[in-house]
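Chemist: File follows, data.txt with compact mmCIF, C-alpha atoms:
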```
# COMPACT_ATOMS: atom_id res chain seq x y z
CA MET A 1 -87.00 36.18 -118.70
CA LYS A 2 -89.94 37.99 -117.15
CA THR A 3 -93.23 36.12 -116.80
CA ARG A 4 -94.93 38.60 -119.12
CA ASP A 5 -92.41 37.86 -121.89
CA LYS A 6 -92.73 34.12 -121.29
CA ILE A 7 -96.49 34.39 -121.73
CA LEU A 8 -96.07 36.20 -125.05
CA LEU A 9 -93.54 33.68 -126.37
CA ALA A 10 -95.59 30.67 -125.26
CA SER A 11 -98.76 32.17 -126.72
CA LEU A 12 -97.07 32.78 -130.08
CA GLU A 13 -95.78 29.21 -130.12
CA LEU A 14 -99.18 27.71 -129.30
CA PHE A 15 -101.09 30.00 -131.66
CA ASN A 16 -98.74 29.01 -134.50
CA GLU A 17 -98.95 25.29 -133.71
CA ARG A 18 -102.63 24.90 -132.83
CA GLY A 19 -104.29 28.04 -134.15
CA GLU A 20 -105.48 30.98 -132.08
CA ARG A 21 -109.07 29.76 -131.86
CA ASN A 22 -107.93 26.37 -130.52
CA THR A 23 -105.77 27.91 -127.80
CA THR A 24 -107.24 29.29 -124.58
CA THR A 25 -105.61 31.24 -121.78
CA ASN A 26 -105.84 28.04 -119.71
CA HIS A 27 -103.81 26.21 -122.37
CA ILE A 28 -101.18 28.96 -122.24
CA ALA A 29 -101.03 28.88 -118.44
CA ALA A 30 -100.75 25.09 -118.39
CA HIS A 31 -98.01 25.17 -121.02
CA LEU A 32 -96.01 27.52 -118.77
CA ALA A 33 -96.95 25.66 -115.56
CA ILE A 34 -98.38 28.83 -114.03
CA SER A 35 -101.83 29.51 -112.64
CA PRO A 36 -104.49 31.21 -114.78
CA GLY A 37 -104.55 33.94 -112.14
CA ASN A 38 -100.87 34.61 -112.71
CA LEU A 39 -101.52 34.97 -116.44
CA TYR A 40 -104.45 37.34 -115.82
CA TYR A 41 -102.22 39.44 -113.58
CA HIS A 42 -100.23 40.31 -116.72
CA PHE A 43 -102.98 40.22 -119.40
CA ARG A 44 -106.70 40.80 -118.98
CA ASN A 45 -107.64 38.37 -121.75
CA LYS A 46 -106.43 36.61 -124.88
CA SER A 47 -107.17 39.64 -127.07
CA ASP A 48 -104.64 41.67 -125.11
CA ILE A 49 -102.03 38.94 -125.67
CA ILE A 50 -102.73 38.91 -129.42
CA TYR A 51 -102.59 42.69 -129.61
CA GLU A 52 -99.19 42.81 -127.92
CA ILE A 53 -97.86 40.03 -130.16
CA PHE A 54 -98.98 42.05 -133.17
CA GLN A 55 -97.12 45.09 -131.84
CA GLU A 56 -93.93 43.02 -131.70
CA TYR A 57 -94.53 41.79 -135.26
CA GLU A 58 -95.14 45.35 -136.39
CA LYS A 59 -91.81 46.50 -134.93
CA LEU A 60 -90.03 43.61 -136.61
CA VAL A 61 -91.39 44.41 -140.08
CA ASP A 62 -90.67 48.12 -139.62
CA TYR A 63 -87.08 47.17 -138.81
CA TYR A 64 -86.83 44.87 -141.84
CA LEU A 65 -88.11 47.59 -144.17
CA ASP A 66 -85.71 50.26 -142.96
CA ILE A 67 -84.25 51.79 -146.14
CA PRO A 68 -80.65 53.08 -146.15
CA GLU A 69 -80.30 56.73 -147.08
CA ASP A 70 -76.51 56.84 -147.42
CA ARG A 71 -76.03 54.44 -150.34
CA PRO A 72 -77.83 53.00 -153.40
CA LEU A 73 -79.92 49.86 -153.04
CA THR A 74 -78.62 46.58 -154.46
CA VAL A 75 -80.11 43.27 -155.57
CA ALA A 76 -78.82 41.90 -152.25
CA ASP A 77 -80.94 44.51 -150.43
CA MET A 78 -83.98 43.47 -152.45
CA THR A 79 -83.34 39.84 -151.53
CA PHE A 80 -82.95 40.76 -147.86
CA TYR A 81 -86.28 42.61 -147.82
CA LEU A 82 -88.11 39.67 -149.37
CA GLU A 83 -86.44 36.99 -147.25
CA SER A 84 -87.00 38.98 -144.06
CA VAL A 85 -90.65 39.73 -144.73
CA PHE A 86 -91.42 36.07 -145.44
CA ASP A 87 -89.43 35.03 -142.36
CA GLY A 88 -91.67 37.35 -140.36
CA LEU A 89 -94.78 35.86 -141.95
CA TRP A 90 -93.64 32.42 -140.86
CA SER A 91 -92.74 33.44 -137.31
CA TYR A 92 -96.18 35.04 -136.84
CA ARG A 93 -98.12 32.78 -139.18
CA PHE A 94 -101.14 32.33 -136.90
CA PHE A 95 -101.95 35.99 -137.43
CA HIS A 96 -102.14 35.72 -141.22
CA ARG A 97 -103.98 32.40 -141.13
CA ASP A 98 -106.96 34.02 -139.41
CA LEU A 99 -106.49 37.70 -140.17
CA GLU A 100 -110.07 38.76 -140.90
CA TYR A 101 -111.41 37.06 -137.77
CA LEU A 102 -108.75 38.61 -135.53
CA LEU A 103 -109.32 42.09 -136.94
CA ASP A 104 -113.08 41.75 -136.51
CA CYS A 105 -112.59 40.77 -132.87
CA ASP A 106 -110.48 43.74 -131.81
CA PRO A 107 -111.05 47.34 -133.00
CA ARG A 108 -107.56 48.32 -131.73
CA LEU A 109 -105.98 45.67 -133.88
CA ARG A 110 -108.08 46.61 -136.90
CA SER A 111 -107.02 50.26 -136.64
CA ASP A 112 -103.34 49.46 -136.06
CA TYR A 113 -103.27 46.94 -138.89
CA ARG A 114 -104.63 49.53 -141.30
CA ASP A 115 -101.85 51.92 -140.31
CA PHE A 116 -99.32 49.08 -140.56
CA THR A 117 -100.51 48.27 -144.08
CA ASN A 118 -100.19 51.88 -145.17
CA ARG A 119 -96.64 52.08 -143.80
CA CYS A 120 -95.63 48.89 -145.59
CA LEU A 121 -97.11 50.13 -148.88
CA ALA A 122 -95.26 53.44 -148.50
CA ALA A 123 -91.99 51.58 -147.77
CA MET A 124 -92.43 49.39 -150.85
CA LYS A 125 -93.04 52.45 -153.02
CA THR A 126 -89.82 53.96 -151.67
CA ILE A 127 -87.93 50.73 -152.35
CA PHE A 128 -89.05 50.82 -156.00
CA GLU A 129 -87.97 54.45 -156.21
CA LYS A 130 -84.55 53.63 -154.74
CA LEU A 131 -84.12 50.60 -157.03
CA ALA A 132 -84.79 52.90 -159.99
CA GLU A 133 -82.24 55.41 -158.69
CA ALA A 134 -79.73 52.55 -158.46
CA GLY A 135 -80.40 51.59 -162.09
CA ILE A 136 -81.82 48.16 -161.22
CA VAL A 137 -85.37 48.82 -162.45
CA GLN A 138 -86.82 51.35 -164.85
CA LYS A 139 -88.00 54.67 -163.48
CA GLN A 140 -91.73 54.51 -162.92
CA PRO A 141 -94.43 57.13 -162.39
CA GLU A 142 -95.76 57.33 -158.84
CA GLU A 143 -99.09 55.80 -159.84
CA LEU A 144 -97.36 52.68 -161.18
CA ARG A 145 -95.22 52.40 -158.04
CA GLU A 146 -98.42 52.49 -155.99
CA VAL A 147 -99.97 49.72 -158.09
CA MET A 148 -96.82 47.58 -157.90
CA ALA A 149 -96.59 48.04 -154.13
CA LEU A 150 -100.23 46.99 -153.72
CA ASN A 151 -99.83 43.94 -155.98
CA ILE A 152 -96.77 42.79 -154.04
CA TRP A 153 -98.57 43.34 -150.74
CA LEU A 154 -101.45 41.19 -151.98
CA VAL A 155 -99.07 38.38 -152.97
CA VAL A 156 -97.17 38.53 -149.68
CA THR A 157 -100.21 38.62 -147.40
CA ASN A 158 -102.26 36.04 -149.36
CA TRP A 159 -99.58 33.49 -150.29
CA MET A 160 -100.18 31.54 -147.08
CA ALA A 161 -103.90 31.34 -147.80
CA PHE A 162 -103.10 30.02 -151.27
CA LEU A 163 -100.84 27.34 -149.84
CA LYS A 164 -103.52 26.25 -147.38
CA THR A 165 -106.07 25.87 -150.16
CA ALA A 166 -103.64 24.34 -152.66
CA HIS A 167 -102.56 21.83 -150.01
CA ALA A 168 -106.06 21.41 -148.60
CA SER A 169 -105.81 17.61 -148.48
CA THR A 170 -102.87 17.80 -146.07
CA GLY A 171 -104.00 20.77 -143.97
CA ASP A 172 -101.18 22.59 -142.24
CA GLU A 173 -98.75 19.83 -143.22
CA GLY A 174 -98.42 21.62 -146.57
CA LEU A 175 -97.10 24.71 -144.80
CA SER A 176 -93.39 25.17 -144.27
CA LEU A 177 -90.96 28.06 -144.32
CA THR A 178 -89.58 26.78 -147.63
CA ALA A 179 -93.06 26.64 -149.18
CA LEU A 180 -93.90 30.06 -147.82
CA LYS A 181 -90.76 31.61 -149.29
CA GLN A 182 -91.78 30.32 -152.70
CA GLY A 183 -94.01 33.39 -152.71
CA ILE A 184 -90.82 35.34 -153.44
CA TYR A 185 -90.92 33.80 -156.93
CA GLN A 186 -94.27 35.48 -157.51
CA VAL A 187 -93.02 38.84 -156.25
CA LEU A 188 -89.94 38.76 -158.46
CA THR A 189 -92.10 37.77 -161.43
CA LEU A 190 -94.12 40.96 -160.93
CA GLU A 191 -90.88 42.95 -161.05
CA MET A 192 -89.41 41.24 -164.15
CA PRO A 193 -90.97 43.57 -166.78
CA TYR A 194 -89.35 46.60 -165.13
CA LEU A 195 -85.81 45.27 -164.70
CA MET A 196 -82.98 46.98 -166.53
CA PRO A 197 -81.37 44.58 -169.06
CA GLU A 198 -78.05 44.33 -167.20
CA TYR A 199 -79.82 42.98 -164.07
CA ARG A 200 -82.32 40.67 -165.74
CA ASP A 201 -80.19 37.50 -165.72
CA GLU A 202 -79.14 38.00 -162.11
CA VAL A 203 -82.71 38.45 -160.89
CA MET A 204 -84.01 35.56 -163.03
CA SER A 205 -81.37 33.32 -161.45
CA LEU A 206 -82.40 34.56 -158.01
CA ARG A 207 -86.07 33.99 -158.79
CA GLU A 208 -85.39 30.38 -159.78
CA ARG A 209 -84.28 29.61 -156.22
CA TYR A 210 -87.87 30.12 -155.09
CA ARG A 211 -89.79 28.38 -157.89
CA PRO A 212 -92.96 26.91 -156.32
CA VAL A 213 -93.68 23.20 -156.37
CA LEU A 214 -97.46 22.85 -156.38
CA PRO A 215 -99.26 19.75 -155.06
CA GLU A 216 -100.12 18.33 -158.49
CA GLN A 217 -96.49 18.73 -159.58
CA ARG A 218 -95.23 16.96 -156.46
CA ASP A 219 -97.75 14.12 -156.91
CA SER A 220 -96.72 13.58 -160.55
CA ASP A 221 -93.05 13.48 -159.51
CA VAL A 222 -93.81 10.77 -156.95
CA ALA A 223 -95.84 8.80 -159.47
```
Once more with this new file: its structure as structure tokens, please.

Modeler:
Amino acid sequence: MKTRDKILLASLELFNERGERNTTTNHIAAHLAISPGNLYYHFRNKSDIIYEIFQEYEKLVDYYLDIPEDRPLTVADMTFYLESVFDGLWSYRFFHRDLEYLLDCDPRLRSDYRDFTNRCLAAMKTIFEKLAEAGIVQKQPEELREVMALNIWLVVTNWMAFLKTAHASTGDEGLSLTALKQGIYQVLTLEMPYLMPEYRDEVMSLRERYRPVLPEQRDSDVA
């Protein structure tokens, strides 16, 4: 693996574990057992590292949200989209933990993230349209598809923040991939009113796999 790629992977690992603000370029260099000068040969500063990590994340989500044109969508496709997006959130969780700060620090990132958001919203609108064509959900006017796409985007991008506040007494210990994917329950709940009757039981059963367990529920179970 090239040194540049090693730096990106190590930075992502340390940012996820310690937080971006608690990780310096010296920490990254020490983790890789290279000199700071070697790191600066590949990246001018930490902002450049973060920006390139975001570009990789962006490509990953674009790949996940690729919509087949040669066949109808299925419930399995819907599950794949949701699972994949939350997997991506977990793999790049440092970014969503401190999103506003990171965007304020880098105008390039702020501009690219706005474009990224718009692409994701457009993809989600198309997914709803394709699910309607497949007879899984009711046909919806474009305005409603836009609202649904935005509501789902808000759940997806803010679920981690909710977990961090709901589990505030345990800090990041309350975060896990399993807990993060419980956000899928919320997304599917938003879709329930629009499901066609013949798919309702299947999607309700799917939704139950992701039912959240909140801190007060867990504490009462232990008691």

Chemist: Give me the residues near Gln186 in chain A as an MDAnalysis selection string, where near means some atom within 9 Å (using only C-alpha atoms) and where sequence neighbours in that chain fewer than 6 positions away do not count.

Modeler: chainID A and resid 152 155:156 207 210:212

Chemist: As a PyMOL selection string, please: the residues near Asp98 in chain A (cut-off 12 Å, only C-alpha atoms, same-chain neighbours under 5 positions excluded).

Modeler: chain A and resi 15-16+19-22+50+92-93+103-105+157-158+160-161+164

Chemist: Can you work out the spacing between CA of Phe94 in chain A and CA of Leu188 in chain A in Å, to one decimal?

Modeler: 25.1 Å

Chemist: Between CA of Glu143 in chain A and CA of Val203 in chain A, what is the spacing in Å?

Modeler: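 About the pair CA of Val203 in chain A and CA of Glu143 in chain A: they are 23.9 Å apart.
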
Chemist: Around all the atoms of range 178-197 of chain A listed in the file, draw an axis-aligned box and extend it by 6 Å on each of the six sides; I want its centre and edge lengths in Å to one decimal, as AutoDock Vina command-line options.

Modeler:
```
--center_x -87.8 --center_y 36.8 --center_z -158.3 --size_x 24.9 --size_y 32.3 --size_z 33.4
```

Chemist: If I take CA of Leu99 in chain A and CA of Ser176 in chain A, how far is one from the other in Å, to one decimal?

Modeler: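 CA of Leu99 in chain A sits 18.6 Å away from CA of Ser176 in chain A.
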
Chemist: Of the residues A:Glu17, A:Ile28, A:Leu39, A:Tyr51, which is the one nearest to Thr3 in chain A, using only C-alpha atoms?

Modeler: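 Using only C-alpha atoms, Thr3 in chain A sits closest to A:Leu39.
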
Chemist: Can you pull out the residues contacting Glu13 in chain A? Cut-off 9 Å, using only C-alpha atoms, and skip same-chain residues under 5 positions away; I want them as a PyMOL selection string.

Modeler: chain A and resi 8+18+91-92

Chemist: Compile the contact shell of Leu154 in chain A as a list in words: residues with an atom at most 12 Å away, counting all atoms listed in the file, same-chain residues fewer than 6 positions apart removed.

Modeler: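 Once the nearby chain positions are removed, what remains is Thr117, Cys120, Leu121, Val147, Met148, Met160, Ala161, Phe162, Gly183, Gln186, Val187 and Leu190 of chain A.
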
Chemist: Which residue is closest to Val75 in chain A? Choose from A:Leu102, A:Met196, A:Leu175, A:Val213 and count only C-alpha atoms.

Modeler: A:Met196

Chemist: Pick out the closest residue to Arg200 in chain A from this set: A:Thr165, A:Asn151, A:Thr24, A:Gln138. Count all atoms listed in the file.

Modeler: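 Looking only at the distances to Arg200 in chain A, the closest residue turns out to be A:Gln138.
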
Chemist: Would you please work out which residue, of A:Asn38, A:Leu89, A:Lys46, A:Glu129, is nearest to Thr25 in chain A when using all atoms listed in the file?

Modeler: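 Checking each candidate against Thr25 in chain A, we get A:Lys46 as the closest.
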
Chemist: Please provide the set of residues having any atom within 7 Å of range 61-70 of chain A, restricted to only C-alpha atoms, with same-chain residues fewer than 4 positions apart removed, written as a list in words.

Modeler: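 Final neighbour list, sorted by chain and number: Tyr57, Tyr81, Ser84, Val85 and Ala123 of chain A.
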
Chemist: Using only C-alpha atoms, which of the listed residues (A:Tyr40, A:Lys6, A:Tyr113, A:Ile49) sits closest to Thr23 in chain A?

Modeler: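 When distances to Thr23 in chain A are compared using only C-alpha atoms, the smallest one comes from A:Ile49.
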
Chemist: I need the residue nearest Leu150 in chain A from this list: A:Leu12, A:Ala122, A:Leu82, A:Leu32. Use all atoms listed in the file for the distance.

Modeler: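 Of the candidates, the smallest distance to Leu150 in chain A is held by A:Ala122.
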
Chemist: Would you mind completing range 185-209 of chain A so that it carries N, CA, C and O atoms, and writing it out as a short mmCIF file (atom, residue, chain, number, x, y, z; two decimals), keeping the file's coordinate frame?

Modeler:
```cif
data_model
loop_
_atom_site.label_atom_id
_atom_site.label_comp_id
_atom_site.auth_asym_id
_atom_site.auth_seq_id
_atom_site.Cartn_x
_atom_site.Cartn_y
_atom_site.Cartn_z
N TYR A 185 -90.92 34.00 -155.47
CA TYR A 185 -90.92 33.80 -156.93
C TYR A 185 -91.99 34.66 -157.58
O TYR A 185 -91.77 35.29 -158.62
N GLN A 186 -93.16 34.71 -156.95
CA GLN A 186 -94.27 35.48 -157.51
C GLN A 186 -93.96 36.98 -157.47
O GLN A 186 -94.26 37.71 -158.43
N VAL A 187 -93.36 37.43 -156.37
CA VAL A 187 -93.02 38.84 -156.25
C VAL A 187 -92.01 39.25 -157.32
O VAL A 187 -92.16 40.28 -157.99
N LEU A 188 -90.96 38.43 -157.47
CA LEU A 188 -89.94 38.76 -158.46
C LEU A 188 -90.49 38.70 -159.88
O LEU A 188 -90.06 39.46 -160.76
N THR A 189 -91.46 37.83 -160.12
CA THR A 189 -92.10 37.77 -161.43
C THR A 189 -92.82 39.08 -161.75
O THR A 189 -92.81 39.56 -162.88
N LEU A 190 -93.46 39.67 -160.72
CA LEU A 190 -94.12 40.96 -160.93
C LEU A 190 -93.11 42.05 -161.30
O LEU A 190 -93.45 42.99 -162.03
N GLU A 191 -91.89 41.92 -160.81
CA GLU A 191 -90.88 42.95 -161.05
C GLU A 191 -90.15 42.76 -162.39
O GLU A 191 -89.51 43.70 -162.89
N MET A 192 -90.21 41.56 -162.96
CA MET A 192 -89.41 41.24 -164.15
C MET A 192 -89.59 42.24 -165.30
O MET A 192 -88.61 42.65 -165.93
N PRO A 193 -90.82 42.67 -165.62
CA PRO A 193 -90.97 43.57 -166.78
C PRO A 193 -90.27 44.92 -166.61
O PRO A 193 -90.06 45.62 -167.60
N TYR A 194 -89.91 45.27 -165.38
CA TYR A 194 -89.35 46.60 -165.13
C TYR A 194 -87.84 46.57 -164.88
O TYR A 194 -87.24 47.62 -164.64
N LEU A 195 -87.24 45.38 -164.95
CA LEU A 195 -85.81 45.27 -164.70
C LEU A 195 -85.01 45.89 -165.85
O LEU A 195 -85.37 45.75 -167.02
N MET A 196 -83.91 46.52 -165.51
CA MET A 196 -82.98 46.98 -166.53
C MET A 196 -82.26 45.76 -167.10
O MET A 196 -82.02 44.78 -166.39
N PRO A 197 -81.93 45.77 -168.41
CA PRO A 197 -81.37 44.58 -169.06
C PRO A 197 -80.15 44.00 -168.35
O PRO A 197 -80.01 42.77 -168.27
N GLU A 198 -79.29 44.84 -167.80
CA GLU A 198 -78.05 44.33 -167.20
C GLU A 198 -78.30 43.58 -165.88
O GLU A 198 -77.41 42.89 -165.37
N TYR A 199 -79.51 43.69 -165.32
CA TYR A 199 -79.82 42.98 -164.07
C TYR A 199 -80.78 41.81 -164.29
O TYR A 199 -81.07 41.07 -163.36
N ARG A 200 -81.28 41.66 -165.51
CA ARG A 200 -82.32 40.67 -165.74
C ARG A 200 -81.83 39.24 -165.44
O ARG A 200 -82.51 38.49 -164.75
N ASP A 201 -80.67 38.86 -165.94
CA ASP A 201 -80.19 37.50 -165.72
C ASP A 201 -79.95 37.22 -164.24
O ASP A 201 -80.27 36.12 -163.74
N GLU A 202 -79.41 38.20 -163.54
CA GLU A 202 -79.14 38.00 -162.11
C GLU A 202 -80.44 37.78 -161.33
O GLU A 202 -80.52 36.88 -160.48
N VAL A 203 -81.45 38.58 -161.62
CA VAL A 203 -82.71 38.45 -160.89
C VAL A 203 -83.47 37.19 -161.31
O VAL A 203 -84.10 36.52 -160.49
N MET A 204 -83.37 36.81 -162.59
CA MET A 204 -84.01 35.56 -163.03
C MET A 204 -83.37 34.36 -162.33
O MET A 204 -84.06 33.41 -161.93
N SER A 205 -82.05 34.39 -162.17
CA SER A 205 -81.37 33.32 -161.45
C SER A 205 -81.79 33.30 -159.98
O SER A 205 -82.03 32.23 -159.41
N LEU A 206 -81.92 34.47 -159.38
CA LEU A 206 -82.40 34.56 -158.01
C LEU A 206 -83.81 34.03 -157.89
O LEU A 206 -84.12 33.24 -156.99
N ARG A 207 -84.67 34.42 -158.81
CA ARG A 207 -86.07 33.99 -158.79
C ARG A 207 -86.18 32.48 -158.84
O ARG A 207 -87.03 31.88 -158.17
N GLU A 208 -85.31 31.83 -159.60
CA GLU A 208 -85.39 30.38 -159.78
C GLU A 208 -85.19 29.63 -158.47
O GLU A 208 -85.69 28.51 -158.30
N ARG A 209 -84.49 30.25 -157.52
CA ARG A 209 -84.28 29.61 -156.22
C ARG A 209 -85.58 29.40 -155.47
O ARG A 209 -85.65 28.57 -154.56
#
```
